[in-house]
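See below for entry_9.cif, which holds mmCIF, C-alpha atoms.
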```cif
data_protein
loop_
_atom_site.label_atom_id
_atom_site.label_comp_id
_atom_site.auth_asym_id
_atom_site.auth_seq_id
_atom_site.Cartn_x
_atom_site.Cartn_y
_atom_site.Cartn_z
CA MET A 1 -124.05 91.66 166.75
CA THR A 2 -125.04 88.18 165.58
CA ARG A 3 -128.77 87.64 165.25
CA GLY A 4 -128.53 83.89 164.73
CA VAL A 5 -130.20 81.99 161.96
CA GLU A 6 -133.26 83.57 160.38
CA ARG A 7 -135.80 81.04 159.24
CA GLY A 8 -136.49 81.78 155.61
CA GLU A 9 -138.57 79.94 153.05
CA ALA A 10 -137.26 76.51 152.07
CA PRO A 11 -137.90 75.13 148.59
CA VAL A 12 -140.93 72.87 148.15
CA GLY A 13 -140.13 69.31 149.15
CA ALA A 14 -137.12 70.32 151.24
CA ARG A 15 -138.61 71.37 154.58
CA PRO A 16 -135.86 71.38 157.20
CA SER A 17 -136.21 69.47 160.43
CA GLU A 18 -135.84 71.22 163.77
CA GLU A 19 -132.78 69.07 164.31
CA MET A 20 -131.17 70.42 161.14
CA LEU A 21 -132.03 74.01 162.09
CA GLU A 22 -130.39 73.54 165.46
CA LEU A 23 -127.31 72.05 163.83
CA VAL A 24 -126.97 75.03 161.47
CA GLU A 25 -127.26 77.41 164.41
CA ARG A 26 -124.53 75.57 166.32
CA VAL A 27 -122.20 75.66 163.32
CA VAL A 28 -122.82 79.37 162.70
CA ARG A 29 -122.12 80.22 166.33
CA ARG A 30 -118.70 78.57 166.00
CA LEU A 31 -117.61 80.59 162.97
CA PRO A 32 -114.97 83.25 163.71
CA GLY A 33 -115.72 86.78 162.47
CA ARG A 34 -119.21 85.97 161.29
CA PRO A 35 -121.31 88.84 159.88
CA ALA A 36 -124.21 90.38 161.74
CA ARG A 37 -127.06 89.15 159.58
CA VAL A 38 -127.67 85.52 158.70
CA GLU A 39 -130.33 83.75 156.69
CA TRP A 40 -130.67 80.08 155.97
CA GLU A 41 -132.14 78.06 153.16
CA ILE A 42 -132.20 74.30 152.76
CA LEU A 43 -131.18 73.52 149.20
CA TYR A 44 -131.28 69.75 149.21
CA ARG A 45 -132.38 67.02 151.54
CA ASP A 46 -131.66 63.33 150.91
CA GLU A 47 -132.29 60.97 153.78
CA HIS A 48 -130.01 58.38 152.21
CA SER A 49 -126.83 60.46 152.03
CA ASN A 50 -126.70 64.05 153.29
CA ASP A 51 -128.64 66.97 154.69
CA VAL A 52 -127.32 70.17 153.10
CA ALA A 53 -128.11 73.71 154.25
CA GLU A 54 -127.15 76.88 152.43
CA VAL A 55 -126.49 79.77 154.83
CA HIS A 56 -126.49 83.31 153.39
CA PHE A 57 -124.49 86.02 155.13
CA SER A 58 -124.92 89.78 154.83
CA ASP A 59 -121.54 90.17 153.08
CA ASP A 60 -122.80 87.88 150.26
CA ARG A 61 -120.78 84.89 151.36
CA ILE A 62 -122.58 81.56 151.32
CA LEU A 63 -121.75 78.76 153.73
CA TYR A 64 -122.69 75.13 153.09
CA VAL A 65 -123.37 72.96 156.11
CA LYS A 66 -123.51 69.28 155.24
CA ARG A 67 -124.47 66.53 157.66
CA ALA A 68 -123.58 63.03 156.49
CA LEU A 69 -126.33 60.55 157.35
CA GLY A 70 -126.20 56.84 158.06
CA PRO A 71 -123.70 54.60 159.84
CA GLU A 72 -120.90 55.58 157.45
CA GLY A 73 -121.33 59.33 158.04
CA ARG A 74 -118.13 59.91 160.00
CA LYS A 75 -116.10 57.90 157.52
CA ARG A 76 -117.54 59.90 154.63
CA CYS A 77 -116.57 63.15 156.35
CA ARG A 78 -113.01 61.93 156.96
CA THR A 79 -112.78 60.83 153.33
CA SER A 80 -114.01 64.18 152.05
CA THR A 81 -111.58 66.13 154.25
CA LEU A 82 -108.61 64.02 153.16
CA ALA A 83 -109.59 64.20 149.46
CA SER A 84 -109.86 67.99 149.69
CA ARG A 85 -106.39 68.30 151.19
CA LEU A 86 -104.78 65.93 148.68
CA LEU A 87 -106.36 67.66 145.67
CA ARG A 88 -105.44 71.14 146.89
CA GLU A 89 -101.86 70.18 147.66
CA ARG A 90 -101.15 68.05 144.60
CA THR A 91 -103.29 69.54 141.83
CA ARG A 92 -104.26 73.06 143.02
CA MET A 93 -107.73 72.57 141.55
CA SER A 94 -110.79 74.22 143.07
CA VAL A 95 -112.35 72.00 145.75
CA PRO A 96 -114.15 72.74 149.02
CA ARG A 97 -111.85 73.82 151.86
CA TYR A 98 -113.55 72.46 154.96
CA LEU A 99 -113.61 74.66 158.04
CA GLU A 100 -112.48 73.57 161.46
CA ILE A 101 -115.50 73.74 163.75
CA ASP A 102 -114.28 74.70 167.21
CA PRO A 103 -115.31 73.21 169.52
CA PRO A 104 -116.08 70.11 167.40
CA LEU A 105 -119.62 68.80 167.07
CA ASP A 106 -120.74 65.28 167.92
CA GLU A 107 -122.38 64.81 164.49
CA PRO A 108 -120.50 64.07 161.25
CA VAL A 109 -120.62 67.59 159.78
CA LEU A 110 -118.73 69.44 157.06
CA ALA A 111 -118.87 73.20 156.54
CA TYR A 112 -117.29 75.18 153.70
CA TRP A 113 -117.64 78.49 151.90
CA GLN A 114 -119.18 78.40 148.45
CA ILE A 115 -116.75 78.35 145.54
CA ARG A 116 -118.19 80.96 143.19
CA HIS A 117 -118.02 79.09 139.91
CA ASP A 118 -120.74 77.80 137.62
CA THR A 119 -121.39 74.08 137.61
CA LEU A 120 -121.00 72.13 134.40
CA ASP A 121 -124.69 71.20 134.32
CA SER A 122 -125.72 74.86 134.42
CA THR A 123 -123.19 75.57 131.66
CA VAL A 124 -124.50 72.71 129.53
CA ALA A 125 -128.08 73.96 129.97
CA ARG A 126 -127.15 77.20 128.16
CA TRP A 127 -125.37 75.54 125.24
CA PRO A 128 -126.60 75.76 121.66
CA PRO A 129 -127.23 72.47 119.82
CA GLY A 130 -123.95 70.63 119.36
CA GLY A 131 -122.47 71.68 122.69
CA ASP A 132 -118.99 73.08 123.28
CA ARG A 133 -116.21 70.59 122.59
CA ALA A 134 -113.53 72.67 124.31
CA VAL A 135 -115.44 72.55 127.61
CA LEU A 136 -115.99 68.80 127.31
CA GLU A 137 -112.32 68.21 126.60
CA SER A 138 -111.47 70.35 129.65
CA PHE A 139 -113.71 68.04 131.71
CA GLY A 140 -111.54 65.14 130.59
CA ARG A 141 -108.37 67.05 131.50
CA LEU A 142 -109.86 67.81 134.93
CA VAL A 143 -110.45 64.09 135.55
CA ARG A 144 -106.83 63.44 134.61
CA ARG A 145 -105.72 66.13 137.09
CA ILE A 146 -107.63 64.34 139.83
CA HIS A 147 -105.79 61.15 138.90
CA ARG A 148 -102.43 62.82 139.44
CA VAL A 149 -102.94 62.01 143.11
CA ARG A 150 -101.23 58.63 143.39
CA LEU A 151 -101.82 56.43 146.42
CA PRO A 152 -99.91 53.47 147.88
CA GLY A 153 -102.71 50.94 147.39
CA HIS A 154 -106.38 50.44 146.58
CA GLY A 155 -109.34 50.71 148.93
CA PRO A 156 -110.83 53.34 151.26
CA LEU A 157 -109.04 56.67 150.87
CA THR A 158 -108.16 56.78 154.57
CA SER A 159 -106.48 53.34 154.44
CA ALA A 160 -105.45 52.78 150.82
CA GLU A 161 -103.25 49.71 151.18
CA LEU A 162 -104.98 46.78 149.44
CA ALA A 163 -104.32 45.03 146.15
CA PHE A 164 -106.79 46.00 143.44
CA ALA A 165 -108.75 42.73 143.23
CA THR A 166 -108.68 42.28 147.00
CA HIS A 167 -110.35 45.65 147.51
CA LEU A 168 -112.95 45.14 144.80
CA GLU A 169 -113.89 41.64 145.94
CA ALA A 170 -114.09 42.68 149.60
CA ASP A 171 -116.29 45.67 148.79
CA LEU A 172 -118.70 43.55 146.79
CA THR A 173 -118.90 40.65 149.23
CA GLU A 174 -118.92 42.55 152.52
CA ARG A 175 -120.92 45.64 151.59
CA LEU A 176 -122.96 45.19 148.43
CA ARG A 177 -123.79 41.48 148.40
CA PRO A 178 -125.86 41.47 151.64
CA ALA A 179 -127.64 44.63 150.51
CA VAL A 180 -128.49 43.24 147.06
CA TYR A 181 -129.72 39.91 148.42
CA GLY A 182 -131.89 41.77 150.92
CA GLU A 183 -133.39 44.47 148.70
CA TRP A 184 -132.77 43.68 145.03
CA PRO A 185 -132.80 39.93 144.25
CA ALA A 186 -133.07 40.62 140.50
CA ALA A 187 -129.36 41.55 140.49
CA THR A 188 -127.96 38.65 142.54
CA GLU A 189 -126.91 36.55 139.53
CA THR A 190 -125.06 39.45 137.92
CA LEU A 191 -123.35 40.26 141.22
CA GLU A 192 -122.15 36.67 141.63
CA CYS A 193 -120.95 36.56 138.01
CA LEU A 194 -119.01 39.80 138.52
CA LEU A 195 -117.35 38.31 141.60
CA ASP A 196 -116.40 35.27 139.53
CA VAL A 197 -114.88 37.54 136.86
CA ILE A 198 -112.83 39.33 139.51
CA ARG A 199 -111.53 36.06 140.94
CA ARG A 200 -110.73 34.57 137.52
CA TYR A 201 -109.52 37.51 135.47
CA VAL A 202 -108.86 40.55 137.66
CA ARG A 203 -106.85 38.96 140.46
CA GLY A 204 -103.17 39.45 139.69
CA SER A 205 -103.80 42.64 137.73
CA GLU A 206 -102.35 45.60 139.60
CA PRO A 207 -103.09 48.98 137.97
CA PRO A 208 -101.75 52.13 139.64
CA ALA A 209 -103.95 53.40 142.47
CA VAL A 210 -105.12 56.99 142.11
CA LEU A 211 -107.66 59.21 143.84
CA VAL A 212 -111.04 58.26 142.34
CA HIS A 213 -113.74 60.92 142.81
CA ASN A 214 -116.48 58.36 142.13
CA ASP A 215 -119.31 60.85 141.48
CA LEU A 216 -118.21 62.98 138.53
CA HIS A 217 -121.53 64.03 137.10
CA ALA A 218 -122.04 67.52 135.69
CA GLU A 219 -123.59 68.95 138.89
CA ASN A 220 -120.34 68.21 140.75
CA ILE A 221 -117.99 69.84 138.21
CA LEU A 222 -117.05 73.52 138.57
CA CYS A 223 -116.40 75.79 135.58
CA ARG A 224 -115.05 79.29 135.13
CA VAL A 225 -115.51 81.67 132.22
CA VAL A 226 -112.70 81.76 129.66
CA GLY A 227 -113.38 84.26 126.87
CA ASP A 228 -116.77 83.40 125.43
CA SER A 229 -116.63 79.83 126.76
CA HIS A 230 -115.91 77.93 129.99
CA ARG A 231 -113.27 75.54 131.31
CA CYS A 232 -113.68 72.89 134.01
CA VAL A 233 -111.55 73.84 137.01
CA GLY A 234 -112.79 71.99 140.09
CA ALA A 235 -115.07 69.48 141.76
CA ILE A 236 -117.31 69.23 144.81
CA ASP A 237 -118.95 66.37 146.77
CA LEU A 238 -115.87 64.37 147.73
CA GLU A 239 -117.47 61.95 150.21
CA ASP A 240 -117.42 58.96 147.84
CA CYS A 241 -113.73 59.19 146.92
CA PHE A 242 -111.59 56.07 147.16
CA ALA A 243 -108.25 54.76 145.91
CA GLY A 244 -108.59 52.79 142.69
CA PRO A 245 -107.69 52.61 138.99
CA ILE A 246 -108.44 55.40 136.53
CA GLU A 247 -111.13 53.29 134.86
CA ALA A 248 -113.36 53.58 137.94
CA ASP A 249 -113.97 57.29 137.32
CA LEU A 250 -114.13 57.05 133.53
CA ALA A 251 -116.72 54.29 133.69
CA LYS A 252 -118.80 56.26 136.21
CA VAL A 253 -118.77 59.36 133.98
CA GLU A 254 -120.08 57.24 131.12
CA VAL A 255 -122.77 55.54 133.21
CA LEU A 256 -124.01 58.72 134.91
CA HIS A 257 -124.24 60.52 131.56
CA GLY A 258 -125.73 57.53 129.79
CA PRO A 259 -129.43 56.98 129.02
CA LEU A 260 -130.55 55.52 132.36
CA PHE A 261 -130.09 58.31 134.90
CA GLY A 262 -131.89 61.36 133.57
CA GLN A 263 -128.85 63.33 132.39
CA GLY A 264 -127.84 61.56 129.21
CA TRP A 265 -125.26 63.07 126.88
CA PRO A 266 -124.75 62.34 123.18
CA GLN A 267 -121.96 59.84 122.54
CA GLU A 268 -119.89 62.50 120.76
CA TRP A 269 -119.88 64.58 123.96
CA LEU A 270 -118.56 61.64 125.97
CA GLN A 271 -115.98 60.97 123.27
CA ALA A 272 -114.74 64.55 123.64
CA VAL A 273 -114.40 64.03 127.41
CA PHE A 274 -112.37 60.85 126.89
CA GLU A 275 -110.18 62.52 124.27
CA GLY A 276 -109.52 65.35 126.69
CA TYR A 277 -108.53 62.79 129.32
CA GLY A 278 -105.76 61.41 127.13
CA PRO A 279 -104.38 57.85 127.02
CA ASN A 280 -106.87 55.11 126.40
CA PRO A 281 -108.09 53.24 129.48
CA GLU A 282 -108.07 49.45 129.71
CA LEU A 283 -111.37 48.35 128.15
CA PHE A 284 -111.84 45.25 130.28
CA ARG A 285 -111.57 47.28 133.50
CA ILE A 286 -113.96 49.87 132.04
CA GLY A 287 -116.53 47.09 131.61
CA VAL A 288 -115.93 45.74 135.11
CA PHE A 289 -116.52 49.18 136.59
CA ARG A 290 -119.58 49.92 134.45
CA THR A 291 -121.11 46.75 135.88
CA TYR A 292 -119.94 47.61 139.40
CA HIS A 293 -121.40 51.13 139.25
CA LEU A 294 -124.70 49.92 137.80
CA LEU A 295 -125.04 47.41 140.64
CA ASN A 296 -124.49 50.17 143.20
CA LEU A 297 -126.86 52.61 141.50
CA GLY A 298 -129.52 49.97 140.92
CA PHE A 299 -129.43 48.88 144.54
CA HIS A 300 -129.99 52.49 145.59
CA ALA A 301 -132.99 52.74 143.26
CA ALA A 302 -134.46 49.54 144.71
CA LEU A 303 -133.83 50.72 148.28
CA ILE A 304 -135.62 54.05 147.89
CA GLY A 305 -138.63 52.56 146.12
CA TYR A 306 -138.14 52.74 142.34
CA PRO A 307 -138.61 49.08 141.33
CA ASP A 308 -139.17 49.70 137.61
CA HIS A 309 -136.00 51.74 137.32
CA ALA A 310 -134.09 49.19 139.40
CA ALA A 311 -135.27 46.44 137.03
CA ARG A 312 -133.92 48.35 134.02
CA VAL A 313 -130.60 48.91 135.77
CA ALA A 314 -130.39 45.19 136.63
CA GLU A 315 -130.78 44.35 132.95
CA ALA A 316 -128.18 47.00 132.05
CA ALA A 317 -125.67 45.50 134.50
CA ALA A 318 -126.24 42.03 133.04
CA ARG A 319 -125.68 43.36 129.51
CA GLU A 320 -122.49 45.15 130.56
CA LEU A 321 -121.14 41.96 132.06
CA GLU A 322 -121.84 40.10 128.81
CA SER A 323 -120.01 42.85 126.85
CA LEU A 324 -116.81 42.81 128.92
CA GLY A 325 -113.70 43.55 126.88
CA THR A 326 -115.53 44.89 123.84
CA SER A 327 -115.22 48.41 122.51
CA LEU A 328 -118.96 49.06 122.64
CA PRO A 329 -119.90 52.33 124.37
CA HIS A 330 -122.21 52.11 127.36
CA ALA A 331 -125.13 53.76 125.54
CA GLU A 332 -125.02 51.10 122.85
CA VAL A 333 -124.84 48.25 125.36
CA VAL A 334 -127.96 49.46 127.20
CA GLN A 335 -129.84 50.68 124.14
CA GLY A 336 -133.61 50.48 124.56
CA LEU A 337 -133.62 50.28 128.37
CA ALA A 338 -134.27 53.94 129.22
CA GLY A 339 -137.67 54.47 130.83
#
```

Turn the structure described in the file into structure tokens.
Amino acid sequence: MTRGVERGEAPVGARPSEEMLELVERVVRRLPGRPARVEWEILYRDEHSNDVAEVHFSDDRILYVKRALGPEGRKRCRTSTLASRLLRERTRMSVPRYLEIDPPLDEPVLAYWQIRHDTLDSTVARWPPGGDRAVLESFGRLVRRIHRVRLPGHGPLTSAELAFATHLEADLTERLRPAVYGEWPAATETLECLLDVIRRYVRGSEPPAVLVHNDLHAENILCRVVGDSHRCVGAIDLEDCFAGPIEADLAKVEVLHGPLFGQGWPQEWLQAVFEGYGPNPELFRIGVFRTYHLLNLGFHAALIGYPDHAARVAEAAARELESLGTSLPHAEVVQGLAG
């Protein structure tokens, strides 16, 4: 007999709201064949993206319940569901398989059973000095597997039908420009210069559109044990996926694992990832997307109240724009800016 959700101890700084507790209870009640004993624990709470609850069952299964916050929440859930289906069908890699909640809830909610693999960040934390090149190369191969999913055009995953430059310009002008002007004026000049670059030099370029994960940091990469090592076999957190060129993901990997965001990797590690990926990307587009990602990440830092960090990211974006088309790695371009 189901006892409902037992209210366990949440980690410090992640106290669940009554609203979130009620949501978890409603999701659990809708699960077919649920075990008799249930406990909950909030793992992570971020008021700017998602509420995530971890629900422990008596048979050792773990259910994640994720509520997407903000006006784009429903769109993010649709994107994640579509990305999961495309990746499972076309690459057979390990990704969340979202459950049908019956009857549906009014909120934008995703629920899925835990995939029992280590994450790449936990694997990296146990490495000896020098790392494990085979695992890093397998990360690159995993990114290439994601990019096997070809799409008819660029843009939102649920309506991927635009030309490359049209999508990028529209995203910057309609979404990011008003936000930057309102919250982060230090980056307005770089944003306008990037738009000018797109209009002058990107328009007319039409790279193949693939599924871009758009958040491939080590915490979102799944690994399994192979002998005395690991291999990267899957990915989680699919809400930010879109249809774009391969360089969008490769640039984001480099930026997220660069010196500015608290999880920097040595350049030789990143080189191993890129070698595992395979053919060289187009360097000009890499630079465009480094700048694009820095503008997005810097705006987020400004919005949530980290002005010093946002100022460093603004300078980094300006430097990346000045370095367009060169072969300089991101860490060298932004050298000296880490706080």

Query - Coordinates-based distance that separates CA of Ala272 in chain A from CA of Arg144 in chain A (Å, one decimal) - result: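 If I compute the distance from CA of Arg144 in chain A to CA of Ala272 in chain A, I get 13.6 Å.
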
Per residue of range 102-196 of chain A within 9 Å of range 15-29 of chain A, what are the shortest atom pair and its distance in Å to one decimal, counting all atoms listed in the file, with rows by chain and residue number, as a tab-separated table?
```
residue	atom	partner	partner_atom	distance
A:Asp102	CA	A:Val27	CA	8.9
A:Leu105	CA	A:Val27	CA	8.2
A:Glu107	CA	A:Leu23	CA	8.8
A:Val109	CA	A:Val27	CA	9.0
A:Ala111	CA	A:Val27	CA	7.9
```

Query raised in the report: How would you write, as a list in words, the residues chosen by the PyMOL selection byres ((chain A and resi 296-312) around 8) on this structure?
Result: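 Those residues are Leu176, Ala179, Val180, Glu183, Trp184, Ala186, Tyr292, His293, Leu294, Leu295, Val313, Ala314, Glu315, Ala316, Leu337, Ala338 and Gly339 of chain A.
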
If you take all atoms listed in the file and a cut-off of 10 Å, which residues of range 71-113 of chain A touch range 203-217 of chain A, and what are their nearest atom pairs and distances in Å to one decimal, in chain and number order, as a tab-separated table?
```
residue	atom	partner	partner_atom	distance
A:Ser80	CA	A:His213	CA	9.8
A:Ala83	CA	A:Leu211	CA	7.8
A:Leu86	CA	A:Leu211	CA	8.8
A:Leu87	CA	A:Leu211	CA	8.7
```

Query raised in the report: Pick from A:Leu321, A:Glu247, A:Asp196, A:Ala331: nearest to Phe261 in chain A, with only C-alpha atoms counted?
Result: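 The answer is A:Ala331, which sits nearest to Phe261 in chain A.
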
Report task. Compare A:Asp240, A:Asp171, A:Phe139, A:Ser159 by their minimum atom-to-atom distance to Leu270 in chain A, counting only C-alpha atoms, and give me the closest one. Result ->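 Among the listed residues, A:Phe139 lies closest to Leu270 in chain A.
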
Report summary line: The residue from A:Pro108, A:Pro129, A:Pro266, A:Gly244 with the smallest atom-to-atom distance to His147 in chain A, counting all atoms listed in the file, is A:Gly244

Report summary line: Here CA of Thr158 in chain A and CA of Leu194 in chain A stand apart by 25.8 Å

Query raised in the report: So which one's closest to Ala243 in chain A, A:Arg285, A:His230, A:Arg126, A:Arg148? Using all atoms listed in the file, please.
Result: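 Looking at the shortest contact to Ala243 in chain A, the residue is A:Arg148.
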
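Rounded to one decimal, CA of Pro185 in chain A and CA of His154 in chain A lie 28.5 Å from each other.
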
Report task. Choose the residue, out of A:Gln267, A:Ser94, A:Thr188, A:Thr173, that has the smallest atom-to-atom separation from Ala235 in chain A; count only C-alpha atoms. Result ->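 Ranked by minimum distance to Ala235 in chain A, first place goes to A:Ser94.
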
Query raised in the report: Which residues fall under the PyMOL selection byres ((chain A and resi 155) around 10) in this file, as a list in words?
Result: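 Evaluating the PyMOL selection byres ((chain A and resi 155) around 10) on these coordinates yields Leu151, Pro152, Gly153, His154, Pro156, Leu157, Thr158, Ser159, Ala160, Glu161, Leu162, Ala163, Phe164, Ala165, Thr166, His167, Leu168, Ala170, Asp171, Ala209, Cys241, Phe242, Ala243 and Gly244 of chain A.
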
Selected residues written out with C-alpha atoms, as a PDB file, in the frame of the given file:
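out24.pdb written:
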```pdb
ATOM      1  CA  LEU A 151    -101.820  56.430 146.420  1.00  0.00           C
ATOM      2  CA  PRO A 152     -99.910  53.470 147.880  1.00  0.00           C
ATOM      3  CA  GLY A 153    -102.710  50.940 147.390  1.00  0.00           C
ATOM      4  CA  HIS A 154    -106.380  50.440 146.580  1.00  0.00           C
ATOM      5  CA  PRO A 156    -110.830  53.340 151.260  1.00  0.00           C
ATOM      6  CA  LEU A 157    -109.040  56.670 150.870  1.00  0.00           C
ATOM      7  CA  THR A 158    -108.160  56.780 154.570  1.00  0.00           C
ATOM      8  CA  SER A 159    -106.480  53.340 154.440  1.00  0.00           C
ATOM      9  CA  ALA A 160    -105.450  52.780 150.820  1.00  0.00           C
ATOM     10  CA  GLU A 161    -103.250  49.710 151.180  1.00  0.00           C
ATOM     11  CA  LEU A 162    -104.980  46.780 149.440  1.00  0.00           C
ATOM     12  CA  ALA A 163    -104.320  45.030 146.150  1.00  0.00           C
ATOM     13  CA  PHE A 164    -106.790  46.000 143.440  1.00  0.00           C
ATOM     14  CA  ALA A 165    -108.750  42.730 143.230  1.00  0.00           C
ATOM     15  CA  THR A 166    -108.680  42.280 147.000  1.00  0.00           C
ATOM     16  CA  HIS A 167    -110.350  45.650 147.510  1.00  0.00           C
ATOM     17  CA  LEU A 168    -112.950  45.140 144.800  1.00  0.00           C
ATOM     18  CA  ALA A 170    -114.090  42.680 149.600  1.00  0.00           C
ATOM     19  CA  ASP A 171    -116.290  45.670 148.790  1.00  0.00           C
ATOM     20  CA  ALA A 209    -103.950  53.400 142.470  1.00  0.00           C
ATOM     21  CA  CYS A 241    -113.730  59.190 146.920  1.00  0.00           C
ATOM     22  CA  PHE A 242    -111.590  56.070 147.160  1.00  0.00           C
ATOM     23  CA  ALA A 243    -108.250  54.760 145.910  1.00  0.00           C
ATOM     24  CA  GLY A 244    -108.590  52.790 142.690  1.00  0.00           C
TER      25      GLY A 244
END
```

Query raised in the report: If the PyMOL selection byres ((chain A and resi 67-76) around 8) is run on the structure shown, which residues does it catch, given as number ranges by chain?
Result: A: 47-52, 65-66, 77-80, 107-110, 239-240

Can I get the selected residues back with C-alpha atoms, as a CSV table (one decimal), in the frame of the given file?
```csv
chain,number,residue,atom,x,y,z
A,47,GLU,CA,-132.3,61.0,153.8
A,48,HIS,CA,-130.0,58.4,152.2
A,49,SER,CA,-126.8,60.5,152.0
A,50,ASN,CA,-126.7,64.0,153.3
A,51,ASP,CA,-128.6,67.0,154.7
A,52,VAL,CA,-127.3,70.2,153.1
A,65,VAL,CA,-123.4,73.0,156.1
A,66,LYS,CA,-123.5,69.3,155.2
A,77,CYS,CA,-116.6,63.2,156.4
A,78,ARG,CA,-113.0,61.9,157.0
A,79,THR,CA,-112.8,60.8,153.3
A,80,SER,CA,-114.0,64.2,152.0
A,107,GLU,CA,-122.4,64.8,164.5
A,108,PRO,CA,-120.5,64.1,161.2
A,109,VAL,CA,-120.6,67.6,159.8
A,110,LEU,CA,-118.7,69.4,157.1
A,239,GLU,CA,-117.5,62.0,150.2
A,240,ASP,CA,-117.4,59.0,147.8
```
